[in-house]
$ cat target07.txt   # compact mmCIF, C-alpha atoms
# COMPACT_ATOMS: atom_id res chain seq x y z
CA MET A 1 133.32 114.15 75.59
CA ALA A 2 130.53 113.19 77.99
CA ASP A 3 129.90 115.55 80.88
CA ARG A 4 128.86 113.28 83.75
CA PRO A 5 129.63 113.10 87.46
CA GLY A 6 132.37 110.71 88.38
CA SER A 7 134.18 110.84 85.03
CA MET A 8 137.94 111.10 85.38
CA THR A 9 138.70 111.56 81.69
CA GLU A 10 138.18 115.29 81.41
CA PRO A 11 141.08 117.72 82.03
CA VAL A 12 138.96 120.46 83.61
CA ALA A 13 136.43 120.58 86.41
CA ALA A 14 133.33 121.24 84.35
CA VAL A 15 132.19 121.46 80.73
CA GLY A 16 128.89 121.82 78.92
CA TRP A 17 125.81 122.15 81.07
CA THR A 18 127.76 121.60 84.27
CA ARG A 19 129.86 124.66 83.52
CA THR A 20 126.71 126.72 82.89
CA LEU A 21 125.17 125.54 86.14
CA LEU A 22 128.25 126.51 88.14
CA ILE A 23 128.35 129.92 86.45
CA CYS A 24 124.79 130.40 87.73
CA GLY A 25 126.21 129.86 91.23
CA ILE A 26 128.99 132.38 90.66
CA VAL A 27 126.42 135.02 89.66
CA ALA A 28 123.85 134.27 92.37
CA GLY A 29 125.53 135.73 95.47
CA PRO A 30 126.75 139.03 93.97
CA LEU A 31 123.42 139.53 92.19
CA TYR A 32 121.44 139.20 95.41
CA ILE A 33 123.79 141.48 97.34
CA VAL A 34 123.85 144.22 94.70
CA VAL A 35 120.06 144.30 94.36
CA VAL A 36 119.62 144.51 98.14
CA VAL A 37 122.22 147.27 98.50
CA LEU A 38 120.59 149.32 95.73
CA GLN A 39 117.25 149.03 97.52
CA MET A 40 118.84 149.97 100.83
CA LEU A 41 120.04 153.19 99.21
CA THR A 42 116.77 154.06 97.48
CA ARG A 43 113.83 152.74 99.55
CA ASP A 44 112.44 155.35 101.92
CA GLY A 45 112.39 154.31 105.57
CA PHE A 46 114.49 151.17 105.20
CA ASP A 47 117.28 150.77 107.76
CA ILE A 48 119.39 147.59 107.67
CA SER A 49 120.12 148.00 111.39
CA ARG A 50 116.37 147.69 112.10
CA HIS A 51 114.88 145.85 109.14
CA PRO A 52 115.94 142.52 107.59
CA ALA A 53 116.31 142.51 103.81
CA SER A 54 113.26 140.27 103.52
CA MET A 55 111.06 143.22 104.52
CA LEU A 56 111.95 144.86 101.21
CA SER A 57 109.32 142.56 99.70
CA ASN A 58 106.66 144.95 101.04
CA GLY A 59 105.39 148.16 99.52
CA GLU A 60 104.89 149.31 95.94
CA GLN A 61 108.46 148.36 95.02
CA GLY A 62 108.34 145.07 96.90
CA TRP A 63 108.27 143.16 93.61
CA ILE A 64 111.98 143.95 93.20
CA GLN A 65 112.98 141.98 96.29
CA ILE A 66 110.48 139.24 95.50
CA ALA A 67 112.10 138.86 92.07
CA ASN A 68 115.53 139.00 93.72
CA PHE A 69 114.63 136.10 96.01
CA ALA A 70 113.17 134.06 93.16
CA VAL A 71 115.96 134.61 90.62
CA SER A 72 118.81 134.24 93.11
CA GLY A 73 117.19 131.14 94.60
CA LEU A 74 116.86 129.48 91.20
CA LEU A 75 120.48 130.32 90.44
CA PHE A 76 121.56 128.65 93.70
CA VAL A 77 119.49 125.58 92.85
CA ALA A 78 121.28 125.44 89.50
CA CYS A 79 124.58 125.82 91.34
CA ALA A 80 123.70 122.88 93.60
CA ILE A 81 123.01 120.69 90.57
CA GLY A 82 126.33 121.75 89.05
CA LEU A 83 128.18 120.97 92.27
CA TYR A 84 126.57 117.55 92.42
CA ARG A 85 127.59 116.84 88.82
CA VAL A 86 131.27 117.57 89.51
CA LEU A 87 131.23 115.88 92.91
CA GLY A 88 128.55 113.31 93.66
CA PRO A 89 128.58 110.27 95.97
CA ALA A 90 131.79 108.80 94.53
CA SER A 91 133.90 111.87 95.20
CA GLY A 92 134.36 111.43 98.95
CA PRO A 93 133.20 113.38 102.03
CA GLY A 94 130.52 115.97 101.34
CA GLY A 95 130.11 115.08 97.67
CA THR A 96 126.43 114.33 98.14
CA TRP A 97 125.26 116.41 101.09
CA GLY A 98 127.28 119.53 100.33
CA PRO A 99 125.43 120.19 97.05
CA ARG A 100 122.11 119.09 98.53
CA LEU A 101 122.36 121.63 101.35
CA VAL A 102 123.15 124.41 98.88
CA GLY A 103 120.09 123.28 96.94
CA VAL A 104 117.89 123.44 100.04
CA PHE A 105 119.05 127.01 100.58
CA GLY A 106 118.15 127.90 96.99
CA VAL A 107 114.69 126.38 97.35
CA GLY A 108 114.27 128.34 100.58
CA MET A 109 115.01 131.59 98.75
CA VAL A 110 112.40 130.78 96.12
CA ALA A 111 109.90 130.02 98.90
CA ALA A 112 110.78 133.36 100.53
CA ALA A 113 109.68 135.03 97.28
CA ALA A 114 106.33 133.25 97.42
CA PHE A 115 105.69 133.98 101.12
CA SER A 116 106.63 137.54 102.05
CA ALA A 117 107.70 138.76 105.48
CA ASP A 118 105.34 141.10 107.31
CA PRO A 119 105.83 144.88 107.45
CA ALA A 120 107.21 146.07 110.79
CA ASP A 121 108.93 148.83 112.71
CA GLY A 122 108.04 151.71 110.40
CA PHE A 123 108.74 149.98 107.08
CA PRO A 124 107.25 150.48 104.58
CA PRO A 125 106.42 154.09 105.54
CA GLY A 126 103.11 154.20 107.34
CA THR A 127 103.71 150.95 109.22
CA PRO A 128 103.54 151.44 113.02
CA VAL A 129 106.92 151.66 114.73
CA GLY A 130 107.91 148.60 116.72
CA PRO A 131 107.39 144.87 116.27
CA PRO A 132 104.10 143.72 114.70
CA THR A 133 101.32 142.86 117.12
CA SER A 134 100.49 139.73 115.10
CA ILE A 135 102.09 137.60 112.39
CA SER A 136 100.28 136.71 109.19
CA TRP A 137 100.22 133.14 107.88
CA HIS A 138 102.56 134.05 105.02
CA GLY A 139 104.88 135.85 107.43
CA MET A 140 105.04 132.71 109.57
CA VAL A 141 105.77 130.53 106.53
CA HIS A 142 108.48 132.99 105.48
CA PHE A 143 110.05 132.72 108.92
CA LEU A 144 109.98 128.91 108.81
CA VAL A 145 111.43 128.53 105.30
CA ALA A 146 114.11 131.11 106.10
CA GLY A 147 115.09 129.13 109.18
CA VAL A 148 115.39 125.90 107.19
CA ALA A 149 117.39 127.66 104.46
CA PHE A 150 119.78 129.30 106.93
CA LEU A 151 120.39 126.06 108.79
CA ALA A 152 120.99 124.22 105.52
CA LEU A 153 123.55 126.71 104.25
CA SER A 154 125.42 126.92 107.55
CA ALA A 155 125.52 123.11 107.64
CA GLY A 156 126.75 123.17 104.05
CA CYS A 157 129.68 125.35 105.09
CA PHE A 158 130.73 122.77 107.69
CA VAL A 159 130.26 119.85 105.28
CA PHE A 160 132.52 121.49 102.73
CA ALA A 161 134.98 122.50 105.45
CA ARG A 162 135.37 118.81 106.30
CA ARG A 163 135.76 117.94 102.64
CA PHE A 164 138.43 120.58 102.08
CA ALA A 165 140.28 119.53 105.21
CA ALA A 166 140.33 115.90 104.04
CA ALA A 167 141.69 117.02 100.66
CA GLY A 168 144.42 119.14 102.25
CA HIS A 169 142.97 122.51 101.20
CA ARG A 170 143.50 124.18 104.57
CA GLY A 171 142.69 127.71 103.44
CA TRP A 172 139.34 126.70 102.03
CA ALA A 173 138.64 124.51 105.05
CA VAL A 174 139.19 127.43 107.44
CA PHE A 175 137.24 129.85 105.21
CA SER A 176 134.29 127.47 105.07
CA ALA A 177 134.26 126.70 108.80
CA VAL A 178 134.61 130.35 109.85
CA THR A 179 131.89 131.43 107.43
CA GLY A 180 129.50 128.78 108.73
CA ALA A 181 130.24 129.56 112.37
CA PHE A 182 129.90 133.33 111.91
CA PHE A 183 126.66 132.94 109.99
CA LEU A 184 125.16 130.62 112.60
CA ALA A 185 126.31 132.75 115.54
CA THR A 186 124.93 136.01 114.14
CA TRP A 187 121.64 134.35 113.24
CA VAL A 188 121.22 133.16 116.82
CA SER A 189 122.25 136.58 118.13
CA ILE A 190 119.30 138.36 116.50
CA PHE A 191 116.96 136.24 118.64
CA VAL A 192 119.02 136.54 121.83
CA LEU A 193 119.60 140.28 121.39
CA GLN A 194 116.23 141.23 119.96
CA GLY A 195 116.23 144.75 118.56
CA ALA A 196 119.99 145.22 118.97
CA ARG A 197 121.18 147.14 115.93
CA ALA A 198 124.70 145.74 116.13
CA ALA A 199 123.32 142.20 115.98
CA ASN A 200 121.15 143.05 112.97
CA ILE A 201 124.08 144.59 111.12
CA ALA A 202 126.34 141.64 111.97
CA PHE A 203 123.73 139.24 110.61
CA ALA A 204 123.43 141.26 107.39
CA VAL A 205 127.21 141.08 106.99
CA ALA A 206 127.11 137.32 107.67
CA ILE A 207 124.48 136.80 104.98
CA ALA A 208 126.64 138.69 102.48
CA LEU A 209 129.68 136.64 103.51
CA VAL A 210 127.95 133.26 103.16
CA LEU A 211 126.53 134.24 99.76
CA VAL A 212 129.99 135.26 98.60
CA TRP A 213 131.37 131.97 99.97
CA THR A 214 128.82 130.01 97.95
CA SER A 215 129.65 131.89 94.76
CA LEU A 216 133.38 131.46 95.32
CA LEU A 217 132.79 127.76 95.96
CA ALA A 218 131.09 127.49 92.57
CA LYS A 219 134.01 129.30 90.94
CA HIS A 220 136.47 127.00 92.72
CA ARG A 221 134.73 123.86 91.45
CA LEU A 222 134.46 125.37 87.98
CA THR A 223 138.19 125.91 87.57
CA LEU A 224 139.72 123.11 89.66
CA PRO A 225 141.02 120.16 87.60
CA ARG A 226 139.12 116.93 88.19
CA GLU A 227 142.31 115.14 89.10
CA GLU A 228 142.86 117.55 91.99
CA GLN A 229 139.19 117.54 93.01
CA SER A 230 139.20 113.84 93.61
CA ARG A 231 142.79 113.15 94.58
CA GLY A 232 142.80 110.65 97.40
CA THR A 233 139.02 110.33 97.46
CA ARG A 234 138.09 108.42 94.33
CA PRO A 235 139.90 105.98 92.05
CA VAL A 236 140.86 106.99 88.53
CA GLY A 237 139.15 105.02 85.78

$ encode --input "target07.txt" --output "structure tokens"
Amino acid sequence: MADRPGSMTEPVAAVGWTRTLLICGIVAGPLYIVVVVLQMLTRDGFDISRHPASMLSNGEQGWIQIANFAVSGLLFVACAIGLYRVLGPASGPGGTWGPRLVGVFGVGMVAAAAFSADPADGFPPGTPVGPPTSISWHGMVHFLVAGVAFLALSAGCFVFARRFAAAGHRGWAVFSAVTGAFFLATWVSIFVLQGARAANIAFAVAIALVLVWTSLLAKHRLTLPREEQSRGTRPVG
């Protein structure tokens, strides 16, 4: 049976390549989190209350985080394609922009692999303590692509929250809205409260939460029957 967006003839949410693409999304968040946590526990001098995970791209073992950004980003791009295939323009609110925003986030992660953040505040060991006195061109590009990616994913949370609310899935609507709001608030807080360890830790937790949300979203779309996905938003036939 053909696996195409908009089809109402299939009894499950995704088959064939669409299923594979959504499984990529399920794997992406946990993979990124596990690799970062393992590095936190093994990289000398790294402190999540002082250093963002992106700084793990520096040093002799920096290739691990670079690969983590690249692989996880590509998995999120695949997830976005899978979400678009089971949703798409005909499925109602958020069917187009929800997947696109997830895709922008994935592309941003891949770009973060290509343009590394600068060393700072004692990491890697040997780096002067405190903020860097200057920012390299690749560090500036990293900052810019990260900003676009973070804004896209937080916006994606709100887009899907609206979609879930319209479909009557109140739990998912609240989960999506709270995740987006927490992520956005903690991201802003690291600029307002520069150097505050509590703000840095809160933002790290928010990143983990939004990555888990994205993976759970992929799982939800993978297992939800098409009839329920589109009930009240798209005609059958």

$ residues_around --input "target07.txt" --residues "Ile207 in chain A" --least-positions-apart "3" --cutoff "10 Å" --atoms "all atoms listed in the file" --output "list in words"
Gly29, Ile33, Phe150, Thr179, Phe182, Phe183, Leu184, Thr186, Trp187, Ile201, Ala202, Phe203, Ala204, Val210, Leu211, Val212 and Trp213 of chain A

$ residues_around --input "target07.txt" --residues "Tyr32 in chain A" --least-positions-apart "6" --cutoff "9 Å" --atoms "only C-alpha atoms" --output "MDAnalysis selection string"
chainID A and resid 65 68:69 71:72 208 211

$ closest_atom_pairs --input "target07.txt" --of "range 45-64 of chain A" --to "range 192-200 of chain A" --cutoff "10 Å" --atoms "only C-alpha atoms" --output "CSV"
residue,atom,partner,partner_atom,distance
A:Asp47,CA,A:Arg197,CA,9.8
A:Ile48,CA,A:Asn200,CA,7.2
A:Ser49,CA,A:Arg197,CA,4.7
A:Arg50,CA,A:Arg197,CA,6.2
A:His51,CA,A:Asn200,CA,7.9
A:Pro52,CA,A:Asn200,CA,7.5

$ closest_residue --input "target07.txt" --among "A:Gly147, A:Gly25, A:Pro124, A:Pro89" --to "Ser57 in chain A" --atoms "all atoms listed in the file"
A:Pro124

$ atom_distance --input "target07.txt" --atom1 "CA of Gln61 in chain A" --atom2 "CA of Val104 in chain A"
27.1 Å

$ atom_distance --input "target07.txt" --atom1 "CA of Trp172 in chain A" --atom2 "CA of Phe158 in chain A"
11.0 Å

$ atom_distance --input "target07.txt" --atom1 "CA of Ala80 in chain A" --atom2 "CA of Trp137 in chain A"
29.3 Å

$ closest_residue --input "target07.txt" --among "A:Ala114, A:Leu74, A:Val178, A:Val107" --to "Ser154 in chain A" --atoms "all atoms listed in the file"
A:Val178

$ closest_residue --input "target07.txt" --among "A:Leu22, A:Phe115, A:Val35, A:Ala149" --to "Gly103 in chain A" --atoms "only C-alpha atoms"
A:Ala149

$ residues_around --input "target07.txt" --residues "Gly94 in chain A" --least-positions-apart "5" --cutoff "10 Å" --atoms "only C-alpha atoms" --output "list in words"
Tyr84, Leu87, Gly88, Pro89, Pro99, Arg100, Leu101, Gly156, Phe158, Val159, Phe160, Ala161, Arg162, Arg163 and Phe164 of chain A

$ closest_residue --input "target07.txt" --among "A:Leu38, A:Val77, A:Val205, A:Ala146" --to "Ala218 in chain A" --atoms "only C-alpha atoms"
A:Val77

$ residues_around --input "target07.txt" --residues "Gly73 in chain A" --least-positions-apart "4" --cutoff "6 Å" --atoms "only C-alpha atoms" --output "compact mmCIF listing (two decimals) with C-alpha atoms, keeping the file's coordinate frame"
# COMPACT_ATOMS: atom_id res chain seq x y z
CA PHE A 69 114.63 136.10 96.01
CA GLY A 106 118.15 127.90 96.99
CA MET A 109 115.01 131.59 98.75
CA VAL A 110 112.40 130.78 96.12

$ axis_aligned_box --input "target07.txt" --around "range 218-221 of chain A" --padding-each-side "6 Å" --output "JSON"
{"center_x": 133.8, "center_y": 126.6, "center_z": 91.8, "size_x": 17.4, "size_y": 17.4, "size_z": 13.8}

$ decode --input "target07.txt" --residues "range 119-155 of chain A" --atoms "N, CA, C and O atoms" --output "short mmCIF file (atom, residue, chain, number, x, y, z; two decimals), in the first residue's frame"
data_model
loop_
_atom_site.label_atom_id
_atom_site.label_comp_id
_atom_site.auth_asym_id
_atom_site.auth_seq_id
_atom_site.Cartn_x
_atom_site.Cartn_y
_atom_site.Cartn_z
N PRO A 119 36.64 27.83 22.97
CA PRO A 119 36.99 27.46 24.35
C PRO A 119 36.77 28.66 25.27
O PRO A 119 36.87 29.80 24.84
N ALA A 120 36.48 28.37 26.55
CA ALA A 120 36.26 29.48 27.49
C ALA A 120 36.26 28.96 28.92
O ALA A 120 36.02 27.77 29.17
N ASP A 121 36.52 29.85 29.84
CA ASP A 121 36.36 29.61 31.26
C ASP A 121 37.00 28.31 31.73
O ASP A 121 36.41 27.51 32.45
N GLY A 122 38.25 28.10 31.31
CA GLY A 122 39.01 26.96 31.83
C GLY A 122 38.78 25.64 31.12
O GLY A 122 39.32 24.62 31.53
N PHE A 123 37.97 25.64 30.05
CA PHE A 123 37.76 24.39 29.31
C PHE A 123 37.98 24.64 27.83
O PHE A 123 37.43 25.61 27.28
N PRO A 124 38.77 23.73 27.18
CA PRO A 124 39.50 22.59 27.75
C PRO A 124 40.61 23.06 28.70
O PRO A 124 40.95 24.25 28.70
N PRO A 125 41.16 22.14 29.50
CA PRO A 125 42.22 22.52 30.44
C PRO A 125 43.34 23.28 29.73
O PRO A 125 43.76 22.92 28.63
N GLY A 126 43.75 24.38 30.37
CA GLY A 126 44.73 25.25 29.77
C GLY A 126 44.14 26.53 29.22
O GLY A 126 44.86 27.50 28.97
N THR A 127 42.82 26.54 29.03
CA THR A 127 42.13 27.75 28.59
C THR A 127 42.01 28.71 29.77
O THR A 127 41.69 28.29 30.89
N PRO A 128 42.29 30.00 29.58
CA PRO A 128 42.17 30.96 30.69
C PRO A 128 40.77 30.94 31.31
O PRO A 128 39.76 30.78 30.61
N VAL A 129 40.71 31.10 32.62
CA VAL A 129 39.44 31.15 33.32
C VAL A 129 38.74 32.47 32.98
O VAL A 129 39.37 33.51 32.83
N GLY A 130 37.41 32.37 32.84
CA GLY A 130 36.62 33.55 32.53
C GLY A 130 36.18 33.55 31.08
O GLY A 130 36.57 32.68 30.28
N PRO A 131 35.34 34.52 30.71
CA PRO A 131 34.85 34.59 29.33
C PRO A 131 35.99 34.91 28.38
O PRO A 131 36.98 35.53 28.76
N PRO A 132 35.88 34.48 27.12
CA PRO A 132 36.94 34.79 26.14
C PRO A 132 37.01 36.29 25.88
O PRO A 132 36.01 37.00 25.95
N THR A 133 38.21 36.76 25.59
CA THR A 133 38.39 38.19 25.32
C THR A 133 37.96 38.55 23.90
O THR A 133 37.73 39.72 23.60
N SER A 134 37.86 37.55 23.03
CA SER A 134 37.39 37.76 21.66
C SER A 134 36.66 36.51 21.19
O SER A 134 36.81 35.43 21.77
N ILE A 135 35.87 36.66 20.15
CA ILE A 135 35.11 35.54 19.59
C ILE A 135 35.58 35.30 18.16
O ILE A 135 35.65 36.22 17.36
N SER A 136 35.91 34.04 17.87
CA SER A 136 36.35 33.70 16.52
C SER A 136 35.17 33.75 15.55
O SER A 136 34.01 33.76 15.96
N TRP A 137 35.47 33.73 14.26
CA TRP A 137 34.39 33.77 13.26
C TRP A 137 33.53 32.52 13.35
O TRP A 137 32.30 32.60 13.24
N HIS A 138 34.17 31.34 13.60
CA HIS A 138 33.37 30.13 13.69
C HIS A 138 32.58 30.09 14.99
O HIS A 138 31.47 29.53 15.04
N GLY A 139 33.11 30.70 16.05
CA GLY A 139 32.35 30.80 17.28
C GLY A 139 31.13 31.68 17.12
O GLY A 139 30.06 31.39 17.66
N MET A 140 31.27 32.77 16.36
CA MET A 140 30.14 33.65 16.10
C MET A 140 29.08 32.94 15.25
O MET A 140 27.87 33.04 15.53
N VAL A 141 29.52 32.21 14.23
CA VAL A 141 28.56 31.46 13.40
C VAL A 141 27.85 30.41 14.25
O VAL A 141 26.63 30.21 14.12
N HIS A 142 28.59 29.73 15.13
CA HIS A 142 27.98 28.74 16.02
C HIS A 142 26.89 29.39 16.86
O HIS A 142 25.79 28.83 17.01
N PHE A 143 27.19 30.55 17.41
CA PHE A 143 26.22 31.26 18.24
C PHE A 143 24.97 31.61 17.43
O PHE A 143 23.84 31.44 17.91
N LEU A 144 25.15 32.06 16.20
CA LEU A 144 24.01 32.46 15.37
C LEU A 144 23.15 31.27 14.97
O LEU A 144 21.92 31.32 15.07
N VAL A 145 23.78 30.17 14.54
CA VAL A 145 22.99 29.00 14.11
C VAL A 145 22.30 28.36 15.31
O VAL A 145 21.18 27.84 15.19
N ALA A 146 22.95 28.42 16.48
CA ALA A 146 22.31 27.87 17.68
C ALA A 146 21.08 28.69 18.03
O ALA A 146 20.04 28.13 18.40
N GLY A 147 21.18 30.01 17.91
CA GLY A 147 20.03 30.86 18.19
C GLY A 147 18.86 30.57 17.28
O GLY A 147 17.71 30.46 17.74
N VAL A 148 19.14 30.42 15.98
CA VAL A 148 18.07 30.10 15.03
C VAL A 148 17.45 28.74 15.36
O VAL A 148 16.23 28.57 15.34
N ALA A 149 18.31 27.76 15.66
CA ALA A 149 17.82 26.41 15.97
C ALA A 149 16.96 26.40 17.23
O ALA A 149 15.89 25.76 17.27
N PHE A 150 17.41 27.12 18.27
CA PHE A 150 16.64 27.15 19.52
C PHE A 150 15.29 27.83 19.33
O PHE A 150 14.27 27.37 19.85
N LEU A 151 15.29 28.94 18.60
CA LEU A 151 14.03 29.63 18.35
C LEU A 151 13.07 28.76 17.53
O LEU A 151 11.86 28.72 17.80
N ALA A 152 13.62 28.04 16.56
CA ALA A 152 12.78 27.18 15.72
C ALA A 152 12.14 26.07 16.55
O ALA A 152 10.93 25.80 16.41
N LEU A 153 12.92 25.43 17.42
CA LEU A 153 12.36 24.32 18.18
C LEU A 153 11.37 24.79 19.22
O LEU A 153 10.34 24.14 19.45
N SER A 154 11.64 25.93 19.86
CA SER A 154 10.67 26.45 20.82
C SER A 154 9.38 26.84 20.11
O SER A 154 8.27 26.56 20.60
N ALA A 155 9.49 27.44 18.92
CA ALA A 155 8.30 27.76 18.14
C ALA A 155 7.57 26.49 17.73
O ALA A 155 6.33 26.44 17.73
#
